[in-house]
2 protein chains.
Amino acid sequence: MSVLNNAADVLRCFGNDCPDLTVSDVVRLLGMPKANASRLLKAMREANMLETIGDSHRHRPGRLMLDLAAAYRRSSLLIGRASEVVAEASSSFGHTGYISVRDGKEVTAVADFQGTNALRVVSNIGRRLPAHLSATGRSLLARLGEDEVRALYAGHGALADLPDQLSKVRHQGFAYSSQEATPGVDAIAIAVADPRTDEAVSLCIVYPHTLVDDKGRDEMIAALARGAARIAEDLGDSAFVAPRI
Amino acid sequence: MSVLNNAADVLRCFGNDCPDLTVSDVVRLLGMPKANASRLLKAMREANMLETIGDSHRHRPGRLMLDLAAAYRRSSLLIGRASEVVAEASSSFGHTGYISVRDGKEVTAVADFQGTNALRVVSNIGRRLPAHLSATGRSLLARLGEDEVRALYAGHGALADLPDQLSKVRHQGFAYSSQEATPGVDAIAIAVADPRTDEAVSLCIVYPHTLVDDKGRDEMIAALARGAARIAEDLGDSAFVAPRI
DNA sequence: AGCATTAGTTTCATTATATGGAACTCGAGT
DNA sequence: ACTCGAGTTCCATATAATGAAACTAATGCT
């Protein structure tokens, strides 16, 4: 089913810094003969996987794709439960919150809740982050065994301190980052899993560094922790470590 | 490229009341030989268009799909501008807001902003609504000419009052519904378009009927109207009618 | 436990479909 | 009018999808 793989490759091009695609973009990015690219985009258009922007030759994901992220969320009890917790925390503290999942060495947000404070971190759902460089990613990596992490990051240099970071996360029960992925932005994250489906999500709050002191941070950790603990208990996540602040 | 169409058909199954799919679901829903369905799901899995839930045979949309809704939003200046306006209105009034697009006779939300009030309308992004039965849909239909609407709804009974509703929307510059799609829920919506790309979006606020009186409603309309008017001016949407309250 | 039933995968010959090179069309710029 | 870039269409060939049936795995039933 090589058409499917080609179609998937086209869809993958939309990640991050590429909001639209033309036939020649596809030729250049995927190294495919242009006859092929032209027919492929046409077929994807007809299948509603893509649509053209106005009457130009630029393509973006089609309407069909819009509903799928919602279906993903609906498919998971865990994501639903986690969303309730983060939505509540986000609106009571006024900061932006996320639910994220890990995919190999990357994390992606599957749901976001905009903060309400005047100064807030703008939500960037759909952007992939390196797992080891974000609090949310480390909260998820910490759920793996040490050997699994080693296997995952085999041949990946400059990760000398990851094991230590993760064991700290395992001990504390939460992950924290200060101005790591983005200057001026701090984040706290707690992971919880559903043993029946083997999926793990991270509950995460991001906030402007200058706006929150240690006490405020600990209050948010406590709020996320309460919610996460309830989810862990209800779903039977025995690996969950109640955060200690 | 019939594989592509089959794959798209599978993805379409996820709409609304079907959060996951098995091989036999696909056989039943699409009437396809099961050998075929089995291979198709396998190929879609390998292309990251689907993933299995845990180690069961149930499938949901894959990670690849999660980013596409975000790419869609990034591809459109109009959606970005509209999001700013609705996010602002949503957080200042505390009610839930949407950005929606029309697709034939249906409307879909492409972005949502959860309200912060204790009593708020829960956001249901990704659900398709009949355009003629919602404020957001009528705000978009009102941008069409009368003959276009007639053509769109040709052979569609029980729509005697749609033209009148739309001309009211055109005159007022906004659409309003009270407990129409959902009991206890009111909505206001204003549409704006980008003439360069021919796309139109609806800015919409939904709120509990009991919580807002006429004055409160008019304030929200005014807030949306100011934002929409700015967008219309910046993008050159000459068909935009400034709402009169 | 043993048997029946349902769900999913694999096999294989046949058919339909994708492929890529080249020719062709359309627009924009000079 | 000419050229360049971008996109589409044509055609013979190679490749991949199809459906029936056989096979395997899981689940329910007595």
# chains A, B, ... in the order shown; residues from 1 in each chain; ligands from 1
>>> residues_around(residues="C:DG21", least_positions_apart="4", cutoff="10 Å", atoms="only C-alpha atoms (C1' of nucleotides)", output="ChimeraX atom specification")
/A:33,35 /D:11
>>> write_last_selection(atoms="N, CA and C atoms (P, O5', C5', C4', C3', O3' and C1' of nucleotides)", output="PDB file, in the first residue's frame")
ATOM      1  N   PRO A  33       8.768  11.804  -8.175  1.00  0.00           N
ATOM      2  CA  PRO A  33       8.542  12.374  -9.505  1.00  0.00           C
ATOM      3  C   PRO A  33       7.319  13.278  -9.490  1.00  0.00           C
ATOM      4  N   ALA A  35       5.011  13.932 -11.602  1.00  0.00           N
ATOM      5  CA  ALA A  35       3.756  13.360 -12.099  1.00  0.00           C
ATOM      6  C   ALA A  35       3.020  12.700 -10.940  1.00  0.00           C
TER       7      ALA A  35
ATOM      8  P    DC D  11      -2.392   8.228 -24.798  1.00  0.00           P
ATOM      9  O5'  DC D  11      -1.288   7.124 -24.470  1.00  0.00           O
ATOM     10  C5'  DC D  11       0.055   7.312 -24.906  1.00  0.00           C
ATOM     11  C4'  DC D  11       0.969   6.327 -24.215  1.00  0.00           C
ATOM     12  C3'  DC D  11       0.393   4.919 -24.101  1.00  0.00           C
ATOM     13  O3'  DC D  11       1.274   3.995 -24.733  1.00  0.00           O
ATOM     14  C1'  DC D  11       1.311   5.643 -22.024  1.00  0.00           C
TER      15       DC D  11
END
>>> interface_residues(of="chain C", to="chain A", cutoff="8 Å", atoms="only C-alpha atoms (C1' of nucleotides)", output="PyMOL selection string")
chain C and resi 18-20
>>> write_last_selection(atoms="N, CA and C atoms (P, O5', C5', C4', C3', O3' and C1' of nucleotides)", output="PDB file, in the first residue's frame")
ATOM      1  P    DA C  18      -4.149   3.965  -7.796  1.00  0.00           P
ATOM      2  O5'  DA C  18      -2.555   3.953  -7.854  1.00  0.00           O
ATOM      3  C5'  DA C  18      -1.866   3.296  -6.810  1.00  0.00           C
ATOM      4  C4'  DA C  18      -0.414   3.122  -7.195  1.00  0.00           C
ATOM      5  C3'  DA C  18       0.344   4.427  -7.383  1.00  0.00           C
ATOM      6  O3'  DA C  18       1.622   4.261  -6.789  1.00  0.00           O
ATOM      7  C1'  DA C  18       0.455   3.152  -9.374  1.00  0.00           C
ATOM      8  P    DT C  19       2.575   5.427  -6.643  1.00  0.00           P
ATOM      9  O5'  DT C  19       3.541   5.249  -7.895  1.00  0.00           O
ATOM     10  C5'  DT C  19       4.373   4.091  -7.952  1.00  0.00           C
ATOM     11  C4'  DT C  19       5.118   4.063  -9.271  1.00  0.00           C
ATOM     12  C3'  DT C  19       5.844   5.370  -9.587  1.00  0.00           C
ATOM     13  O3'  DT C  19       7.239   5.127  -9.516  1.00  0.00           O
ATOM     14  C1'  DT C  19       4.681   4.477 -11.491  1.00  0.00           C
ATOM     15  P    DG C  20       8.172   6.308  -9.118  1.00  0.00           P
ATOM     16  O5'  DG C  20       8.721   6.753 -10.543  1.00  0.00           O
ATOM     17  C5'  DG C  20       9.447   5.815 -11.323  1.00  0.00           C
ATOM     18  C4'  DG C  20       9.574   6.320 -12.757  1.00  0.00           C
ATOM     19  C3'  DG C  20      10.078   7.761 -12.880  1.00  0.00           C
ATOM     20  O3'  DG C  20      10.923   7.824 -14.014  1.00  0.00           O
ATOM     21  C1'  DG C  20       8.049   7.559 -14.002  1.00  0.00           C
TER      22       DG C  20
END
>>> residues_around(residues="A:Glu46", least_positions_apart="3", cutoff="12 Å", atoms="only C-alpha atoms (C1' of nucleotides)", output="list in words")
Arg39, Leu40, Leu41, Lys42, Ala43, Met49, Leu50, Glu51, Thr52, Gly62, Arg63 and Leu64 of chain A; Met1, Ser2, Leu4, Asn5, Asn6, Ala8 and Asp9 of chain B
>>> write_last_selection(atoms="N, CA and C atoms", output="PDB file, in the first residue's frame")
ATOM      1  N   ARG A  39      -0.571  13.682  -9.062  1.00  0.00           N
ATOM      2  CA  ARG A  39      -1.705  12.755  -8.929  1.00  0.00           C
ATOM      3  C   ARG A  39      -2.040  12.463  -7.475  1.00  0.00           C
ATOM      4  N   LEU A  40      -0.997  12.360  -6.663  1.00  0.00           N
ATOM      5  CA  LEU A  40      -1.227  12.036  -5.253  1.00  0.00           C
ATOM      6  C   LEU A  40      -2.016  13.150  -4.563  1.00  0.00           C
ATOM      7  N   LEU A  41      -1.591  14.382  -4.770  1.00  0.00           N
ATOM      8  CA  LEU A  41      -2.301  15.488  -4.134  1.00  0.00           C
ATOM      9  C   LEU A  41      -3.734  15.559  -4.648  1.00  0.00           C
ATOM     10  N   LYS A  42      -3.901  15.300  -5.928  1.00  0.00           N
ATOM     11  CA  LYS A  42      -5.254  15.314  -6.481  1.00  0.00           C
ATOM     12  C   LYS A  42      -6.128  14.262  -5.802  1.00  0.00           C
ATOM     13  N   ALA A  43      -5.574  13.055  -5.677  1.00  0.00           N
ATOM     14  CA  ALA A  43      -6.348  11.983  -5.045  1.00  0.00           C
ATOM     15  C   ALA A  43      -6.636  12.310  -3.586  1.00  0.00           C
ATOM     16  N   MET A  49      -8.652  14.507   2.212  1.00  0.00           N
ATOM     17  CA  MET A  49      -7.518  14.530   3.135  1.00  0.00           C
ATOM     18  C   MET A  49      -6.789  15.865   3.029  1.00  0.00           C
ATOM     19  N   LEU A  50      -6.933  16.498   1.892  1.00  0.00           N
ATOM     20  CA  LEU A  50      -6.348  17.820   1.679  1.00  0.00           C
ATOM     21  C   LEU A  50      -7.411  18.728   1.096  1.00  0.00           C
ATOM     22  N   GLU A  51      -7.168  20.037   1.179  1.00  0.00           N
ATOM     23  CA  GLU A  51      -7.999  20.975   0.439  1.00  0.00           C
ATOM     24  C   GLU A  51      -7.101  22.094  -0.036  1.00  0.00           C
ATOM     25  N   THR A  52      -7.495  22.740  -1.121  1.00  0.00           N
ATOM     26  CA  THR A  52      -6.688  23.856  -1.587  1.00  0.00           C
ATOM     27  C   THR A  52      -7.109  25.105  -0.831  1.00  0.00           C
ATOM     28  N   GLY A  62      -7.287  18.613   4.985  1.00  0.00           N
ATOM     29  CA  GLY A  62      -8.701  18.762   4.661  1.00  0.00           C
ATOM     30  C   GLY A  62      -9.612  18.669   5.867  1.00  0.00           C
ATOM     31  N   ARG A  63     -10.872  18.988   5.640  1.00  0.00           N
ATOM     32  CA  ARG A  63     -11.863  18.976   6.719  1.00  0.00           C
ATOM     33  C   ARG A  63     -11.921  17.638   7.429  1.00  0.00           C
ATOM     34  N   LEU A  64     -11.760  16.587   6.658  1.00  0.00           N
ATOM     35  CA  LEU A  64     -11.804  15.248   7.240  1.00  0.00           C
ATOM     36  C   LEU A  64     -10.861  15.135   8.429  1.00  0.00           C
TER      37      LEU A  64
ATOM     38  N   MET B   1      -6.553   5.391  -7.240  1.00  0.00           N
ATOM     39  CA  MET B   1      -6.051   5.377  -5.871  1.00  0.00           C
ATOM     40  C   MET B   1      -7.154   4.958  -4.926  1.00  0.00           C
ATOM     41  N   SER B   2      -7.619   3.776  -5.104  1.00  0.00           N
ATOM     42  CA  SER B   2      -8.773   3.389  -4.323  1.00  0.00           C
ATOM     43  C   SER B   2      -8.405   3.085  -2.878  1.00  0.00           C
ATOM     44  N   LEU B   4      -6.564   4.950  -1.092  1.00  0.00           N
ATOM     45  CA  LEU B   4      -6.713   6.240  -0.435  1.00  0.00           C
ATOM     46  C   LEU B   4      -8.157   6.505  -0.075  1.00  0.00           C
ATOM     47  N   ASN B   5      -9.033   6.210  -1.015  1.00  0.00           N
ATOM     48  CA  ASN B   5     -10.449   6.440  -0.744  1.00  0.00           C
ATOM     49  C   ASN B   5     -10.949   5.525   0.353  1.00  0.00           C
ATOM     50  N   ASN B   6     -10.488   4.287   0.312  1.00  0.00           N
ATOM     51  CA  ASN B   6     -10.880   3.387   1.393  1.00  0.00           C
ATOM     52  C   ASN B   6     -10.362   3.885   2.729  1.00  0.00           C
ATOM     53  N   ALA B   8      -9.715   6.942   3.525  1.00  0.00           N
ATOM     54  CA  ALA B   8     -10.500   8.116   3.901  1.00  0.00           C
ATOM     55  C   ALA B   8     -11.865   7.691   4.447  1.00  0.00           C
ATOM     56  N   ASP B   9     -12.442   6.665   3.841  1.00  0.00           N
ATOM     57  CA  ASP B   9     -13.732   6.171   4.331  1.00  0.00           C
ATOM     58  C   ASP B   9     -13.600   5.665   5.762  1.00  0.00           C
TER      59      ASP B   9
END
>>> interface_residues(of="chain A", to="chain B", cutoff="7 Å", atoms="only C-alpha atoms", output="VMD selection string")
chain A and resid 1 4 to 5 8 12 14 to 15 19 to 20 43 47 53 to 54 60 to 61 64 to 72 74 to 75 91 110 116 125 to 126 196 to 199
>>> write_last_selection(atoms="C-alpha atoms", output="PDB file, in the first residue's frame")
ATOM      1  CA  MET A   1       0.000   0.000   0.000  1.00  0.00           C
ATOM      2  CA  LEU A   4      -0.929   5.187   1.743  1.00  0.00           C
ATOM      3  CA  ASN A   5       2.653   5.631   2.829  1.00  0.00           C
ATOM      4  CA  ALA A   8       1.163   9.736   5.134  1.00  0.00           C
ATOM      5  CA  ARG A  12       3.895  14.488   7.865  1.00  0.00           C
ATOM      6  CA  PHE A  14       2.708  19.682   7.688  1.00  0.00           C
ATOM      7  CA  GLY A  15       4.521  19.409  10.988  1.00  0.00           C
ATOM      8  CA  PRO A  19       1.406  25.285   7.001  1.00  0.00           C
ATOM      9  CA  ASP A  20       0.762  24.509   3.351  1.00  0.00           C
ATOM     10  CA  ALA A  43      -6.348  11.983  -5.045  1.00  0.00           C
ATOM     11  CA  ALA A  47     -10.604  12.002  -0.569  1.00  0.00           C
ATOM     12  CA  ILE A  53      -6.438  27.268  -0.025  1.00  0.00           C
ATOM     13  CA  GLY A  54      -8.746  29.527  -1.988  1.00  0.00           C
ATOM     14  CA  ARG A  60      -3.605  22.266   3.642  1.00  0.00           C
ATOM     15  CA  PRO A  61      -5.078  19.370   5.599  1.00  0.00           C
ATOM     16  CA  LEU A  64     -11.804  15.248   7.240  1.00  0.00           C
ATOM     17  CA  MET A  65      -8.698  15.673   9.338  1.00  0.00           C
ATOM     18  CA  LEU A  66     -10.244  18.256  11.610  1.00  0.00           C
ATOM     19  CA  ASP A  67     -12.483  15.787  13.360  1.00  0.00           C
ATOM     20  CA  LEU A  68      -9.820  13.185  13.982  1.00  0.00           C
ATOM     21  CA  ALA A  69      -8.044  14.929  16.804  1.00  0.00           C
ATOM     22  CA  ALA A  70     -11.405  15.133  18.551  1.00  0.00           C
ATOM     23  CA  ALA A  71     -12.057  11.440  17.913  1.00  0.00           C
ATOM     24  CA  TYR A  72      -8.667  10.628  19.403  1.00  0.00           C
ATOM     25  CA  ARG A  74     -12.978  10.837  22.745  1.00  0.00           C
ATOM     26  CA  SER A  75     -11.431   7.400  22.363  1.00  0.00           C
ATOM     27  CA  SER A  91      -9.051  28.104  34.974  1.00  0.00           C
ATOM     28  CA  VAL A 110      -3.406  16.340  22.524  1.00  0.00           C
ATOM     29  CA  THR A 116      -6.929  33.549  31.407  1.00  0.00           C
ATOM     30  CA  ILE A 125      -0.962  22.369  20.397  1.00  0.00           C
ATOM     31  CA  GLY A 126       0.363  20.054  17.729  1.00  0.00           C
ATOM     32  CA  ARG A 196      -5.789  -1.363  30.715  1.00  0.00           C
ATOM     33  CA  THR A 197      -4.753   0.473  27.573  1.00  0.00           C
ATOM     34  CA  ASP A 198      -1.093   1.005  28.377  1.00  0.00           C
ATOM     35  CA  GLU A 199      -1.348   4.678  27.573  1.00  0.00           C
TER      36      GLU A 199
END
>>> interface_residues(of="chain D", to="chain A", cutoff="12 Å", atoms="only C-alpha atoms (C1' of nucleotides)", output="compact mmCIF listing (two decimals) with C-alpha atoms (C1' of nucleotides), in the first residue's frame")
# COMPACT_ATOMS: atom_id res chain seq x y z
C1' DG D 5 8.60 27.39 -13.68
C1' DA D 6 4.73 24.88 -12.05
C1' DG D 7 1.31 21.58 -12.80
C1' DT D 8 -1.19 18.07 -15.45
C1' DT D 9 -1.87 14.25 -18.79
C1' DC D 10 -0.31 10.25 -21.56
C1' DT D 15 3.71 -3.21 -8.87
C1' DA D 16 0.35 -3.48 -5.64
C1' DA D 17 -4.57 -4.27 -4.35
>>> select_by_dssp(residues="stretch 41-196 of chain B", states="strand (DSSP E)", output="PyMOL selection string")
chain B and resi 50-52+59-61+96-103+106-113+128-130+175-178+185-194
>>> write_last_selection(atoms="C-alpha atoms", output="PDB file, in the first residue's frame")
ATOM      1  CA  LEU B  50      -4.238   4.711  12.993  1.00  0.00           C
ATOM      2  CA  GLU B  51      -3.031   3.225  16.223  1.00  0.00           C
ATOM      3  CA  THR B  52      -4.368   0.405  18.325  1.00  0.00           C
ATOM      4  CA  HIS B  59      -8.186   1.366  16.437  1.00  0.00           C
ATOM      5  CA  ARG B  60      -8.269   5.104  16.842  1.00  0.00           C
ATOM      6  CA  PRO B  61      -6.760   7.897  14.742  1.00  0.00           C
ATOM      7  CA  THR B  96     -17.108  29.207  25.822  1.00  0.00           C
ATOM      8  CA  GLY B  97     -16.200  30.394  22.310  1.00  0.00           C
ATOM      9  CA  TYR B  98     -15.695  28.772  18.938  1.00  0.00           C
ATOM     10  CA  ILE B  99     -14.337  29.386  15.507  1.00  0.00           C
ATOM     11  CA  SER B 100     -16.282  27.394  12.915  1.00  0.00           C
ATOM     12  CA  VAL B 101     -16.204  26.826   9.195  1.00  0.00           C
ATOM     13  CA  ARG B 102     -18.994  25.703   6.899  1.00  0.00           C
ATOM     14  CA  ASP B 103     -18.701  22.640   4.739  1.00  0.00           C
ATOM     15  CA  GLU B 106     -22.705  21.451   7.946  1.00  0.00           C
ATOM     16  CA  VAL B 107     -20.517  23.484  10.248  1.00  0.00           C
ATOM     17  CA  THR B 108     -17.493  22.242  12.177  1.00  0.00           C
ATOM     18  CA  ALA B 109     -15.571  23.938  14.933  1.00  0.00           C
ATOM     19  CA  VAL B 110     -11.900  24.375  14.115  1.00  0.00           C
ATOM     20  CA  ALA B 111     -10.882  25.960  17.401  1.00  0.00           C
ATOM     21  CA  ASP B 112     -12.489  26.270  20.790  1.00  0.00           C
ATOM     22  CA  PHE B 113     -11.972  28.289  23.931  1.00  0.00           C
ATOM     23  CA  ARG B 128     -20.630  18.598  12.974  1.00  0.00           C
ATOM     24  CA  LEU B 129     -23.839  20.562  13.213  1.00  0.00           C
ATOM     25  CA  PRO B 130     -26.456  21.236  10.529  1.00  0.00           C
ATOM     26  CA  ALA B 175     -26.910  35.493  14.249  1.00  0.00           C
ATOM     27  CA  TYR B 176     -28.566  34.570  17.498  1.00  0.00           C
ATOM     28  CA  SER B 177     -30.110  31.398  18.792  1.00  0.00           C
ATOM     29  CA  SER B 178     -31.802  30.697  22.072  1.00  0.00           C
ATOM     30  CA  VAL B 185     -27.907  27.164  25.707  1.00  0.00           C
ATOM     31  CA  ASP B 186     -27.911  30.407  23.753  1.00  0.00           C
ATOM     32  CA  ALA B 187     -25.432  31.432  21.110  1.00  0.00           C
ATOM     33  CA  ILE B 188     -24.327  34.486  19.185  1.00  0.00           C
ATOM     34  CA  ALA B 189     -22.279  34.336  16.016  1.00  0.00           C
ATOM     35  CA  ILE B 190     -20.692  36.746  13.561  1.00  0.00           C
ATOM     36  CA  ALA B 191     -19.094  35.663  10.299  1.00  0.00           C
ATOM     37  CA  VAL B 192     -16.129  37.247   8.570  1.00  0.00           C
ATOM     38  CA  ALA B 193     -14.231  36.230   5.451  1.00  0.00           C
ATOM     39  CA  ASP B 194     -10.861  36.573   3.791  1.00  0.00           C
TER      40      ASP B 194
END
>>> select_by_dssp(residues="stretch 69-124 of chain A", states="alpha helix (DSSP H)", output="list in words")
Ala69, Ala70, Ala71, Tyr72, Arg73, Arg74, Ser75, Leu77, Leu78, Ile79, Gly80, Arg81, Ala82, Ser83, Glu84, Val85, Val86, Ala87, Glu88, Ala89, Ser90, Ser91, Ser92 and Phe93 of chain A
>>> residues_around(residues="stretch 18-30 of chain D", least_positions_apart="2", cutoff="10 Å", atoms="only C-alpha atoms (C1' of nucleotides)", output="list in words")
Met32, Pro33, Lys34, Ala35 and Asn36 of chain B; DG2, DC3, DA4, DT5, DT6, DA7, DG8, DT9, DT10, DT11, DC12, DT14, DT15 and DA16 of chain C; DA16 of chain D
>>> residues_around(residues="C:DA28", least_positions_apart="2", cutoff="10 Å", atoms="only C-alpha atoms (C1' of nucleotides)", output="number ranges by chain")
C: 26, 30; D: 4-5
>>> write_last_selection(atoms="C-alpha atoms (C1' of nucleotides)", output="PDB file, in the first residue's frame")
ATOM      1  C1'  DC C  26      -0.948  27.237 -18.538  1.00  0.00           C
ATOM      2  C1'  DT C  30      11.161  39.691 -19.806  1.00  0.00           C
TER       3       DT C  30
ATOM      4  C1'  DC D   4      10.978  29.643 -17.459  1.00  0.00           C
ATOM      5  C1'  DG D   5       8.598  27.388 -13.683  1.00  0.00           C
TER       6       DG D   5
END
>>> atom_distance(atom1="atom CA of B:Glu233", atom2="atom CA of B:Leu77")
13.7 Å
>>> atom_distance(atom1="atom CA of A:Asp161", atom2="atom CA of A:Pro208")
25.5 Å
